[in-house]
$ cat protein03.cif   # mmCIF, C-alpha atoms
data_upload
loop_
_atom_site.label_atom_id
_atom_site.label_comp_id
_atom_site.auth_asym_id
_atom_site.auth_seq_id
_atom_site.Cartn_x
_atom_site.Cartn_y
_atom_site.Cartn_z
CA MET A 1 -20.05 -3.33 -6.24
CA LEU A 2 -19.40 -7.09 -6.22
CA GLY A 3 -15.73 -6.66 -5.38
CA GLN A 4 -14.56 -7.79 -8.83
CA THR A 5 -13.02 -4.44 -9.79
CA LEU A 6 -10.84 -2.20 -7.65
CA ASP A 7 -11.72 1.51 -7.78
CA SER A 8 -8.32 3.09 -8.39
CA ASN A 9 -9.80 6.19 -10.04
CA SER A 10 -11.05 7.73 -6.79
CA ALA A 11 -7.66 7.37 -5.11
CA TRP A 12 -5.85 8.90 -8.09
CA LEU A 13 -8.26 11.84 -8.36
CA SER A 14 -8.28 12.53 -4.62
CA ALA A 15 -4.49 12.62 -4.36
CA ARG A 16 -4.14 15.05 -7.23
CA LEU A 17 -7.01 17.25 -6.11
CA ALA A 18 -5.46 17.46 -2.64
CA ASP A 19 -2.19 18.56 -4.24
CA ARG A 20 -4.17 21.50 -5.60
CA GLY A 21 -5.80 22.41 -2.30
CA VAL A 22 -9.12 20.68 -3.03
CA ILE A 23 -10.24 18.30 -0.25
CA PRO A 24 -12.63 15.53 -1.36
CA LEU A 25 -15.61 15.01 0.95
CA TYR A 26 -16.43 11.43 0.02
CA HIS A 27 -16.28 8.68 -2.59
CA LYS A 28 -19.30 6.66 -3.61
CA THR A 29 -19.45 3.51 -5.70
CA ILE A 30 -22.73 2.97 -7.53
CA ALA A 31 -24.18 -0.12 -9.16
CA ASP A 32 -25.16 -0.13 -12.85
CA ASP A 33 -28.64 1.11 -11.98
CA LEU A 34 -30.25 4.23 -13.40
CA GLN A 35 -32.21 5.31 -10.32
CA ALA A 36 -29.28 4.61 -7.97
CA THR A 37 -27.04 6.79 -10.16
CA VAL A 38 -29.58 9.63 -10.26
CA THR A 39 -30.01 9.47 -6.47
CA ALA A 40 -26.24 9.51 -5.87
CA LEU A 41 -25.74 12.43 -8.25
CA THR A 42 -28.54 14.41 -6.60
CA LEU A 43 -26.98 13.96 -3.15
CA ALA A 44 -23.49 14.83 -4.45
CA ILE A 45 -24.72 18.04 -6.08
CA GLU A 46 -26.46 19.08 -2.86
CA THR A 47 -23.25 18.43 -0.90
CA ALA A 48 -20.31 19.67 -2.96
CA GLU A 49 -19.29 22.34 -5.46
CA LEU A 50 -17.33 19.88 -7.59
CA VAL A 51 -18.59 16.40 -8.52
CA ILE A 52 -16.54 14.00 -10.65
CA VAL A 53 -18.14 10.87 -12.07
CA THR A 54 -16.00 8.18 -13.70
CA GLY A 55 -17.35 5.29 -15.73
CA GLY A 56 -20.66 4.47 -17.35
CA LEU A 57 -19.91 6.24 -20.65
CA GLY A 58 -19.26 3.09 -22.68
CA PRO A 59 -21.34 1.65 -25.54
CA THR A 60 -23.08 -1.18 -23.66
CA LEU A 61 -26.50 -1.35 -22.02
CA ASP A 62 -25.06 -1.14 -18.50
CA ASP A 63 -23.39 2.22 -19.26
CA LEU A 64 -25.97 4.55 -17.73
CA THR A 65 -24.17 7.78 -16.80
CA ARG A 66 -25.45 9.71 -19.84
CA GLN A 67 -29.04 8.67 -19.13
CA ALA A 68 -28.68 9.52 -15.44
CA ILE A 69 -27.40 13.02 -16.19
CA ALA A 70 -30.19 13.58 -18.74
CA THR A 71 -32.76 12.41 -16.16
CA LEU A 72 -31.28 14.71 -13.53
CA MET A 73 -31.23 17.68 -15.91
CA LYS A 74 -34.71 16.78 -17.22
CA LYS A 75 -33.34 17.07 -20.74
CA PRO A 76 -33.30 14.66 -23.70
CA LEU A 77 -30.20 13.00 -25.11
CA ASP A 78 -29.14 14.54 -28.42
CA MET A 79 -26.76 13.13 -30.97
CA HIS A 80 -23.54 15.19 -31.08
CA PRO A 81 -22.35 14.85 -34.71
CA PRO A 82 -18.72 15.99 -34.11
CA SER A 83 -18.32 13.31 -31.42
CA LEU A 84 -19.87 10.65 -33.65
CA GLU A 85 -17.49 11.56 -36.47
CA ARG A 86 -14.51 11.53 -34.13
CA ILE A 87 -15.49 8.02 -32.96
CA ARG A 88 -15.85 6.87 -36.59
CA GLN A 89 -12.42 8.27 -37.45
CA LEU A 90 -10.86 6.53 -34.46
CA PHE A 91 -12.15 3.16 -35.66
CA LYS A 92 -11.04 3.97 -39.20
CA ARG A 93 -7.48 4.65 -37.99
CA LEU A 94 -7.57 1.27 -36.28
CA GLY A 95 -8.68 -0.34 -39.54
CA ARG A 96 -11.99 -1.48 -38.06
CA GLU A 97 -15.67 -0.88 -38.77
CA MET A 98 -17.42 1.09 -36.01
CA PRO A 99 -20.04 -1.11 -34.25
CA SER A 100 -23.48 0.49 -34.21
CA SER A 101 -23.50 0.35 -30.41
CA ASN A 102 -20.77 2.99 -30.31
CA ARG A 103 -23.23 5.57 -31.67
CA SER A 104 -24.64 5.80 -28.13
CA GLN A 105 -21.36 7.30 -26.94
CA ALA A 106 -22.06 10.42 -29.00
CA LEU A 107 -25.37 11.04 -27.19
CA ILE A 108 -25.07 14.09 -24.95
CA PRO A 109 -27.70 15.54 -22.55
CA ARG A 110 -29.09 18.70 -24.12
CA GLY A 111 -27.41 21.77 -22.64
CA ALA A 112 -24.34 19.90 -21.38
CA GLU A 113 -20.83 20.62 -22.65
CA VAL A 114 -18.90 17.97 -24.55
CA LEU A 115 -15.34 17.22 -23.42
CA ASN A 116 -13.16 15.79 -26.18
CA ASN A 117 -11.42 12.52 -25.41
CA ASP A 118 -8.27 12.06 -27.51
CA TRP A 119 -7.42 8.78 -25.80
CA GLY A 120 -10.60 6.75 -26.37
CA THR A 121 -14.06 6.68 -27.85
CA ALA A 122 -16.21 8.12 -25.05
CA PRO A 123 -16.41 11.94 -24.83
CA GLY A 124 -16.75 13.44 -21.39
CA ILE A 125 -19.59 15.62 -20.17
CA ARG A 126 -19.65 18.81 -18.11
CA PHE A 127 -22.71 20.64 -16.78
CA LYS A 128 -23.65 23.07 -14.04
CA SER A 129 -26.35 22.58 -11.44
CA GLY A 130 -26.66 25.65 -9.27
CA LYS A 131 -23.25 26.29 -7.69
CA THR A 132 -22.02 22.80 -8.54
CA THR A 133 -19.95 21.78 -11.54
CA VAL A 134 -20.28 18.14 -12.56
CA PHE A 135 -17.74 16.30 -14.71
CA ALA A 136 -18.41 12.85 -16.17
CA LEU A 137 -15.29 11.11 -17.44
CA PRO A 138 -14.63 7.65 -18.88
CA GLY A 139 -13.81 4.91 -16.37
CA VAL A 140 -10.71 3.63 -18.20
CA PRO A 141 -7.90 4.97 -15.96
CA TYR A 142 -5.63 6.05 -18.82
CA GLU A 143 -8.43 8.03 -20.46
CA MET A 144 -9.77 9.42 -17.18
CA GLU A 145 -6.34 10.62 -16.03
CA ASN A 146 -5.53 12.42 -19.27
CA MET A 147 -8.97 14.05 -19.42
CA ALA A 148 -8.75 15.19 -15.80
CA GLU A 149 -5.37 16.75 -16.52
CA ARG A 150 -6.84 18.62 -19.49
CA HIS A 151 -10.35 19.52 -18.36
CA ILE A 152 -10.48 19.59 -14.54
CA PHE A 153 -7.14 20.45 -12.95
CA PRO A 154 -6.58 23.70 -14.91
CA MET A 155 -9.53 25.12 -12.92
CA PHE A 156 -7.16 25.34 -9.96
CA ASP A 157 -4.03 26.63 -11.70
CA ARG A 158 -4.44 30.02 -10.05
CA GLY A 159 -4.68 28.37 -6.66
CA THR A 160 -7.53 27.94 -4.23
CA GLY A 161 -6.10 29.93 -1.33
CA LEU A 162 -5.38 26.63 0.36
CA ALA A 163 -2.31 24.38 0.21
CA VAL A 164 -2.64 20.76 1.26
CA VAL A 165 0.35 18.51 1.89
CA VAL A 166 0.36 14.90 3.02
CA ALA A 167 2.87 12.43 4.43
CA SER A 168 2.98 8.99 6.00
CA LEU A 169 5.15 7.17 8.55
CA HIS A 170 5.23 3.37 8.77
CA THR A 171 5.64 1.46 12.02
CA PHE A 172 5.99 -2.18 13.00
CA GLY A 173 5.94 -3.95 16.33
CA ALA A 174 2.89 -2.42 17.99
CA GLY A 175 -0.84 -2.54 17.29
CA GLU A 176 -2.89 0.36 15.97
CA SER A 177 -4.43 1.13 19.37
CA ALA A 178 -1.01 1.18 21.03
CA VAL A 179 0.34 3.55 18.38
CA ALA A 180 -2.69 5.83 18.73
CA GLU A 181 -2.39 5.80 22.53
CA THR A 182 1.28 6.77 22.33
CA LEU A 183 0.45 9.66 20.00
CA GLY A 184 -2.27 10.81 22.40
CA ASP A 185 -3.27 14.45 21.84
CA LEU A 186 -1.72 14.46 18.37
CA MET A 187 -4.61 12.26 17.22
CA GLN A 188 -7.33 14.75 18.17
CA ARG A 189 -9.87 15.40 15.41
CA GLY A 190 -9.83 18.93 14.09
CA ARG A 191 -6.10 19.27 14.70
CA ASN A 192 -3.94 20.70 11.91
CA PRO A 193 -1.98 18.75 10.77
CA LEU A 194 -4.59 16.02 11.02
CA LEU A 195 -3.34 12.51 11.89
CA GLY A 196 -4.93 9.14 11.22
CA THR A 197 -3.81 5.51 11.33
CA THR A 198 -4.34 2.54 9.02
CA VAL A 199 -3.18 -1.08 9.25
CA SER A 200 -2.11 -3.46 6.48
CA GLY A 201 -0.17 -6.69 6.87
CA GLY A 202 0.90 -5.84 10.41
CA VAL A 203 2.26 -2.44 9.39
CA VAL A 204 0.60 0.48 11.18
CA THR A 205 0.82 3.64 9.07
CA VAL A 206 0.42 7.12 10.53
CA ARG A 207 -0.99 9.44 7.87
CA PHE A 208 -0.67 13.23 7.99
CA ARG A 209 -2.64 15.94 6.22
CA CYS A 210 -1.81 19.60 6.70
CA LYS A 211 -3.72 22.61 5.34
CA ALA A 212 -2.30 26.13 5.22
CA PRO A 213 -2.57 29.30 3.10
CA THR A 214 0.74 28.53 1.37
CA SER A 215 2.66 25.40 0.47
CA LYS A 216 5.73 26.63 2.36
CA LEU A 217 3.76 27.09 5.58
CA ALA A 218 1.97 23.76 5.15
CA HIS A 219 5.27 21.89 4.69
CA LYS A 220 6.77 23.65 7.72
CA GLN A 221 3.84 22.72 9.97
CA LEU A 222 3.77 19.18 8.62
CA SER A 223 7.50 18.63 9.14
CA ALA A 224 7.28 19.76 12.76
CA THR A 225 4.49 17.26 13.49
CA VAL A 226 6.24 14.43 11.63
CA GLU A 227 9.35 14.95 13.76
CA LEU A 228 7.24 15.00 16.93
CA VAL A 229 5.60 11.69 15.96
CA LYS A 230 9.02 10.16 15.25
CA GLN A 231 10.19 11.19 18.71
CA ARG A 232 7.15 9.67 20.41
CA LEU A 233 7.18 6.40 18.49
CA GLY A 234 10.96 5.97 18.46
CA PRO A 235 12.23 2.72 16.90
CA LEU A 236 8.71 1.63 15.99
CA VAL A 237 9.04 3.91 12.94
CA PHE A 238 10.89 2.22 10.09
CA GLY A 239 10.23 4.51 7.14
CA GLU A 240 8.23 7.14 5.29
CA GLY A 241 6.21 7.15 2.09
CA THR A 242 6.78 3.98 0.07
CA VAL A 243 9.59 2.55 2.24
CA THR A 244 9.15 -1.13 3.21
CA LEU A 245 10.72 -3.06 6.08
CA ALA A 246 13.10 -4.67 3.60
CA ASP A 247 14.05 -1.21 2.27
CA ALA A 248 14.80 -0.07 5.83
CA VAL A 249 16.94 -3.14 6.50
CA GLY A 250 18.84 -2.65 3.26
CA GLU A 251 19.47 1.02 3.91
CA LEU A 252 20.92 0.26 7.34
CA ALA A 253 23.00 -2.67 6.10
CA LYS A 254 24.42 -0.60 3.26
CA ALA A 255 25.14 2.39 5.50
CA LYS A 256 26.94 0.20 8.04
CA ALA A 257 28.63 -1.99 5.41
CA LYS A 258 27.12 -5.20 6.82
CA ARG A 259 26.38 -8.43 4.93
CA LEU A 260 23.25 -10.49 5.58
CA VAL A 261 22.21 -14.13 5.14
CA THR A 262 18.98 -16.02 5.85
CA ALA A 263 18.13 -19.51 7.12
CA GLU A 264 14.44 -20.31 6.70
CA SER A 265 12.21 -23.26 7.43
CA CYS A 266 8.50 -22.41 7.74
CA THR A 267 8.71 -19.26 5.57
CA GLY A 268 10.24 -21.15 2.66
CA GLY A 269 12.47 -18.32 1.44
CA LEU A 270 9.99 -15.46 1.93
CA VAL A 271 12.44 -13.36 3.95
CA ALA A 272 15.08 -13.72 1.24
CA LYS A 273 12.46 -12.86 -1.38
CA LEU A 274 11.50 -9.64 0.42
CA LEU A 275 15.15 -8.65 0.80
CA THR A 276 15.92 -9.27 -2.86
CA ASP A 277 12.85 -7.28 -3.92
CA VAL A 278 14.96 -4.25 -2.97
CA PRO A 279 16.94 -2.94 -5.97
CA GLY A 280 20.67 -3.17 -5.35
CA SER A 281 20.30 -5.76 -2.58
CA SER A 282 23.38 -7.60 -3.87
CA ALA A 283 25.40 -4.85 -2.15
CA TRP A 284 24.46 -6.26 1.27
CA PHE A 285 22.63 -9.60 0.87
CA ASP A 286 24.72 -12.71 0.23
CA GLY A 287 22.03 -15.40 0.06
CA GLY A 288 20.43 -17.99 2.25
CA TRP A 289 19.21 -21.50 2.94
CA ILE A 290 15.72 -23.01 2.83
CA THR A 291 16.07 -25.92 5.25
CA TYR A 292 12.52 -27.19 5.39
CA ALA A 293 13.34 -30.78 6.31
CA ASN A 294 15.23 -31.66 9.48
CA ALA A 295 17.84 -33.51 7.43
CA MET A 296 18.56 -30.29 5.54
CA LYS A 297 18.95 -28.37 8.79
CA ASN A 298 21.53 -30.92 9.84
CA ARG A 299 23.34 -31.20 6.52
CA GLU A 300 23.34 -27.55 5.41
CA LEU A 301 23.44 -25.65 8.72
CA HIS A 302 25.04 -28.25 10.98
CA VAL A 303 22.09 -28.32 13.37
CA ALA A 304 22.71 -31.43 15.48
CA ALA A 305 20.18 -34.20 14.91
CA SER A 306 20.24 -34.88 18.64
CA LEU A 307 19.20 -31.27 19.29
CA ILE A 308 16.23 -31.58 16.93
CA GLU A 309 15.24 -34.90 18.49
CA LYS A 310 15.51 -33.49 22.01
CA ASP A 311 13.80 -30.11 21.62
CA GLY A 312 11.93 -30.42 18.32
CA ALA A 313 12.46 -28.48 15.09
CA VAL A 314 10.30 -25.64 16.40
CA SER A 315 12.37 -24.56 19.38
CA GLU A 316 14.73 -21.89 20.64
CA SER A 317 17.74 -24.18 20.53
CA VAL A 318 17.17 -25.20 16.92
CA VAL A 319 16.49 -21.70 15.58
CA CYS A 320 19.63 -20.45 17.36
CA ALA A 321 21.62 -23.27 15.82
CA MET A 322 20.22 -22.36 12.38
CA ALA A 323 21.22 -18.71 12.77
CA ASP A 324 24.67 -19.66 14.04
CA GLY A 325 25.10 -22.25 11.30
CA ALA A 326 24.30 -19.63 8.66
CA LEU A 327 27.05 -17.42 10.09
CA GLN A 328 29.50 -20.32 10.11
CA ARG A 329 28.69 -21.25 6.51
CA SER A 330 29.10 -17.67 5.28
CA GLU A 331 31.14 -14.54 5.79
CA ALA A 332 28.09 -12.47 6.67
CA ASP A 333 27.86 -10.09 9.61
CA PHE A 334 24.20 -10.87 10.38
CA SER A 335 21.93 -13.86 9.93
CA VAL A 336 18.20 -14.29 10.43
CA ALA A 337 16.63 -17.71 11.00
CA LEU A 338 13.01 -18.87 11.30
CA THR A 339 11.32 -22.14 12.23
CA GLY A 340 7.71 -22.69 13.18
CA VAL A 341 4.25 -24.11 12.55
CA ALA A 342 2.59 -22.13 9.76
CA GLY A 343 -0.46 -24.43 9.58
CA PRO A 344 -3.13 -25.23 8.89
CA ASP A 345 -2.01 -28.56 10.37
CA GLY A 346 0.90 -29.63 12.52
CA GLY A 347 0.13 -27.72 15.70
CA THR A 348 0.14 -29.19 19.19
CA GLU A 349 -1.08 -27.96 22.54
CA GLU A 350 2.45 -26.90 23.41
CA LYS A 351 3.21 -25.48 19.96
CA PRO A 352 -0.06 -24.46 18.31
CA VAL A 353 -0.37 -23.31 14.71
CA GLY A 354 1.16 -19.85 14.43
CA THR A 355 4.09 -20.60 16.76
CA ILE A 356 7.25 -19.15 15.18
CA TRP A 357 10.79 -18.93 16.57
CA ILE A 358 12.97 -16.20 15.06
CA ALA A 359 16.68 -15.76 15.72
CA ILE A 360 19.14 -13.06 14.75
CA GLY A 361 22.81 -13.96 14.56
CA ARG A 362 25.68 -11.49 14.59
CA ARG A 363 29.39 -11.72 13.96
CA VAL A 364 31.95 -9.23 15.29
CA GLY A 365 35.45 -10.31 14.45
CA GLU A 366 35.85 -13.88 15.74
CA ARG A 367 32.84 -13.64 18.03
CA ARG A 368 29.36 -14.84 17.16
CA GLY A 369 26.19 -14.18 19.10
CA VAL A 370 22.54 -15.14 18.70
CA ILE A 371 19.29 -13.92 20.20
CA ALA A 372 15.92 -15.61 19.71
CA GLU A 373 12.29 -14.86 20.41
CA CYS A 374 9.07 -16.85 20.12
CA PHE A 375 5.93 -15.40 18.52
CA ARG A 376 2.39 -16.65 18.00
CA PHE A 377 0.69 -15.22 14.95
CA PRO A 378 -3.03 -15.59 14.21
CA GLY A 379 -4.68 -16.31 10.90
CA THR A 380 -4.21 -18.41 7.80
CA ARG A 381 -0.99 -20.05 6.66
CA ASP A 382 -0.25 -17.15 4.31
CA ARG A 383 -0.87 -14.57 7.04
CA VAL A 384 1.31 -16.43 9.56
CA ARG A 385 4.17 -16.64 7.08
CA ASP A 386 3.79 -13.00 6.05
CA LEU A 387 3.81 -11.74 9.65
CA ALA A 388 6.73 -14.03 10.53
CA ALA A 389 8.82 -12.72 7.64
CA LYS A 390 8.07 -9.08 8.44
CA THR A 391 8.77 -9.63 12.14
CA ALA A 392 12.11 -11.22 11.24
CA LEU A 393 12.99 -8.19 9.12
CA ASN A 394 11.98 -5.86 11.92
CA LEU A 395 14.14 -7.72 14.47
CA LEU A 396 17.03 -7.54 12.05
CA ARG A 397 16.42 -3.82 11.58
CA LEU A 398 16.46 -3.23 15.34
CA GLU A 399 19.71 -5.13 15.75
CA LEU A 400 21.26 -3.17 12.89
CA ILE A 401 20.51 0.06 14.77
CA ARG A 402 21.78 -1.64 17.98
CA THR A 403 18.64 -1.43 20.07
CA GLY A 404 17.63 -4.12 22.54
CA ARG A 405 19.62 -6.83 24.24
CA SER A 406 23.23 -7.94 24.21
CA MET A 407 23.82 -10.71 21.67
CA TRP A 408 26.62 -12.57 23.38
CA SER A 409 24.58 -14.89 25.62
CA VAL A 410 24.22 -17.87 23.28
CA ARG A 411 27.42 -18.63 21.39
CA GLN A 412 30.99 -17.36 21.38
#
$ encode --input "protein03.cif" --output "structure tokens"
Amino acid sequence: MLGQTLDSNSAWLSARLADRGVIPLYHKTIADDLQATVTALTLAIETAELVIVTGGLGPTLDDLTRQAIATLMKKPLDMHPPSLERIRQLFKRLGREMPSSNRSQALIPRGAEVLNNDWGTAPGIRFKSGKTTVFALPGVPYEMENMAERHIFPMFDRGTGLAVVVASLHTFGAGESAVAETLGDLMQRGRNPLLGTTVSGGVVTVRFRCKAPTSKLAHKQLSATVELVKQRLGPLVFGEGTVTLADAVGELAKAKAKRLVTAESCTGGLVAKLLTDVPGSSAWFDGGWITYANAMKNRELHVAASLIEKDGAVSESVVCAMADGALQRSEADFSVALTGVAGPDGGTEEKPVGTIWIAIGRRVGERRGVIAECFRFPGTRDRVRDLAAKTALNLLRLELIRTGRSMWSVRQ
């Protein structure tokens, strides 16, 4: 509740329930408060036929799930001897004395079913309330996942009469509203497949969820909509699922047998880092230069000192010279160069913080060409650098698929 712990359990459970045709209605995070837990459980039981609680089954005073269930059921907590013995034996195998506080983990609301936990000390709890089945599982992800696999998911082994499939497409270069506007009628609520968008780090993701009586039909309907979205968004789409911009660049470079190099100032090697995060990147990435100081730009990339003095380090002419210098100093087919003002200081009225020049260089035989574009990114230093690096990768991706302008206007 204070933002100190990330709830990964809900995401894991929801994804695997959806795979089985069970659509979660909502997630709720509850403070370590008895009345708040009872209230949340009461609402959940009134709303859904399946309620899964994770956490609050530990041995400390702030573990209140058992008490909340007992309060809701209006039943006392009884000691469950088999669970107590199993906890004792677990500590014995570890060569440790069981603390007295762990006795509380063997307390079970009268009338509830005990769910054995072979991966930890806390047993789970199952009980019925009207048409609703409630499961309480430990909050430790490893324990929760194994217990869900054993005690919850087999309920749906015979199917639910509903297949649910999901997919995601990642885009870069347009805002969420622009993507949604382009998709138009495909974004209508109630449509099947259902589409939604999310944004993270400048990447706009289109998420799909399709429901159908069979998995085969659901996949067929989903695939048709995914292809339609790809057609509408065109080169904005760079990948599906877990694909990153760097993955997309690497896939194109490998497919086209092109070598890449980087020349970075304000991003301090971030573009190269993202590229080398991709397994097997040595097949298409040669290396790069971090030329933070002007003297390094001159010495390593042959950027003329007079050019820097005339136009400034953050300029079209200098970033083009960096990209061209990287091509000259290597045997690569493509180069990407960046220079800018990442902040928080150093900005001017003409070149405020967030001003970034990005250039893409290309070699074809004996010819070299460079294009450059200026961007202004908002936010903190880290955000500016992150957006600059991703934008550079996206420009490189677009040039690798030969979209956009001719590259032969700057240098021959």
$ residues_around --input "protein03.cif" --residues "Phe208 of chain A" --least-positions-apart "6" --cutoff "8 Å" --atoms "all atoms listed in the file" --output "ChimeraX atom specification"
/A:166-168,193-196,222,226
$ closest_residue --input "protein03.cif" --among "A:Val314, A:Val341, A:Leu387, A:Ile401" --to "Ser200 of chain A" --atoms "only C-alpha atoms"
A:Leu387
$ atom_distance --input "protein03.cif" --atom1 "atom CA of Val384 of chain A" --atom2 "atom CA of Ala359 of chain A"
16.6 Å
$ resolve_selection --input "protein03.cif" --expression "the PyMOL selection byres ((chain A and resi 252) around 10)" --output "list of chain:residue names"
A:Ala246, A:Asp247, A:Ala248, A:Val249, A:Gly250, A:Glu251, A:Ala253, A:Lys254, A:Ala255, A:Lys256, A:Ala257, A:Lys258, A:Trp284, A:Leu396, A:Arg397, A:Leu398, A:Leu400, A:Ile401
$ write_last_selection --input "protein03.cif" --atoms "C-alpha atoms" --output "short mmCIF file (atom, residue, chain, number, x, y, z; two decimals), in the coordinates of the input"
data_model
loop_
_atom_site.label_atom_id
_atom_site.label_comp_id
_atom_site.auth_asym_id
_atom_site.auth_seq_id
_atom_site.Cartn_x
_atom_site.Cartn_y
_atom_site.Cartn_z
CA ALA A 246 13.10 -4.67 3.60
CA ASP A 247 14.05 -1.21 2.27
CA ALA A 248 14.80 -0.07 5.83
CA VAL A 249 16.94 -3.14 6.50
CA GLY A 250 18.84 -2.65 3.26
CA GLU A 251 19.47 1.02 3.91
CA ALA A 253 23.00 -2.67 6.10
CA LYS A 254 24.42 -0.60 3.26
CA ALA A 255 25.14 2.39 5.50
CA LYS A 256 26.94 0.20 8.04
CA ALA A 257 28.63 -1.99 5.41
CA LYS A 258 27.12 -5.20 6.82
CA TRP A 284 24.46 -6.26 1.27
CA LEU A 396 17.03 -7.54 12.05
CA ARG A 397 16.42 -3.82 11.58
CA LEU A 398 16.46 -3.23 15.34
CA LEU A 400 21.26 -3.17 12.89
CA ILE A 401 20.51 0.06 14.77
#
$ closest_residue --input "protein03.cif" --among "A:Arg363, A:Arg96, A:Lys390, A:Arg126" --to "Ser330 of chain A" --atoms "only C-alpha atoms"
A:Arg363
$ build_atoms --input "protein03.cif" --residues "segment 108-120 of chain A" --atoms "N, CA and C atoms" --output "compact mmCIF listing (two decimals), keeping the file's coordinate frame"
# COMPACT_ATOMS: atom_id res chain seq x y z
N ILE A 108 -25.43 13.15 -26.01
CA ILE A 108 -25.07 14.09 -24.95
C ILE A 108 -26.36 14.73 -24.42
N PRO A 109 -26.53 14.84 -23.09
CA PRO A 109 -27.70 15.54 -22.55
C PRO A 109 -27.76 16.97 -23.09
N ARG A 110 -28.93 17.37 -23.55
CA ARG A 110 -29.09 18.70 -24.12
C ARG A 110 -28.69 19.78 -23.10
N GLY A 111 -27.86 20.69 -23.52
CA GLY A 111 -27.41 21.77 -22.64
C GLY A 111 -26.10 21.49 -21.94
N ALA A 112 -25.63 20.25 -22.00
CA ALA A 112 -24.34 19.90 -21.38
C ALA A 112 -23.21 20.18 -22.36
N GLU A 113 -22.01 20.36 -21.82
CA GLU A 113 -20.83 20.62 -22.65
C GLU A 113 -20.11 19.31 -22.93
N VAL A 114 -19.65 19.17 -24.16
CA VAL A 114 -18.90 17.97 -24.55
C VAL A 114 -17.42 18.18 -24.29
N LEU A 115 -16.78 17.18 -23.69
CA LEU A 115 -15.34 17.22 -23.42
C LEU A 115 -14.66 16.20 -24.33
N ASN A 116 -13.82 16.69 -25.24
CA ASN A 116 -13.16 15.79 -26.18
C ASN A 116 -12.25 14.81 -25.45
N ASN A 117 -12.26 13.59 -25.95
CA ASN A 117 -11.42 12.52 -25.41
C ASN A 117 -10.50 12.05 -26.52
N ASP A 118 -9.24 12.44 -26.47
CA ASP A 118 -8.27 12.06 -27.51
C ASP A 118 -7.62 10.71 -27.24
N TRP A 119 -8.06 10.04 -26.20
CA TRP A 119 -7.42 8.78 -25.80
C TRP A 119 -8.37 7.59 -25.88
N GLY A 120 -9.63 7.83 -26.28
CA GLY A 120 -10.60 6.75 -26.37
C GLY A 120 -11.85 7.21 -27.09
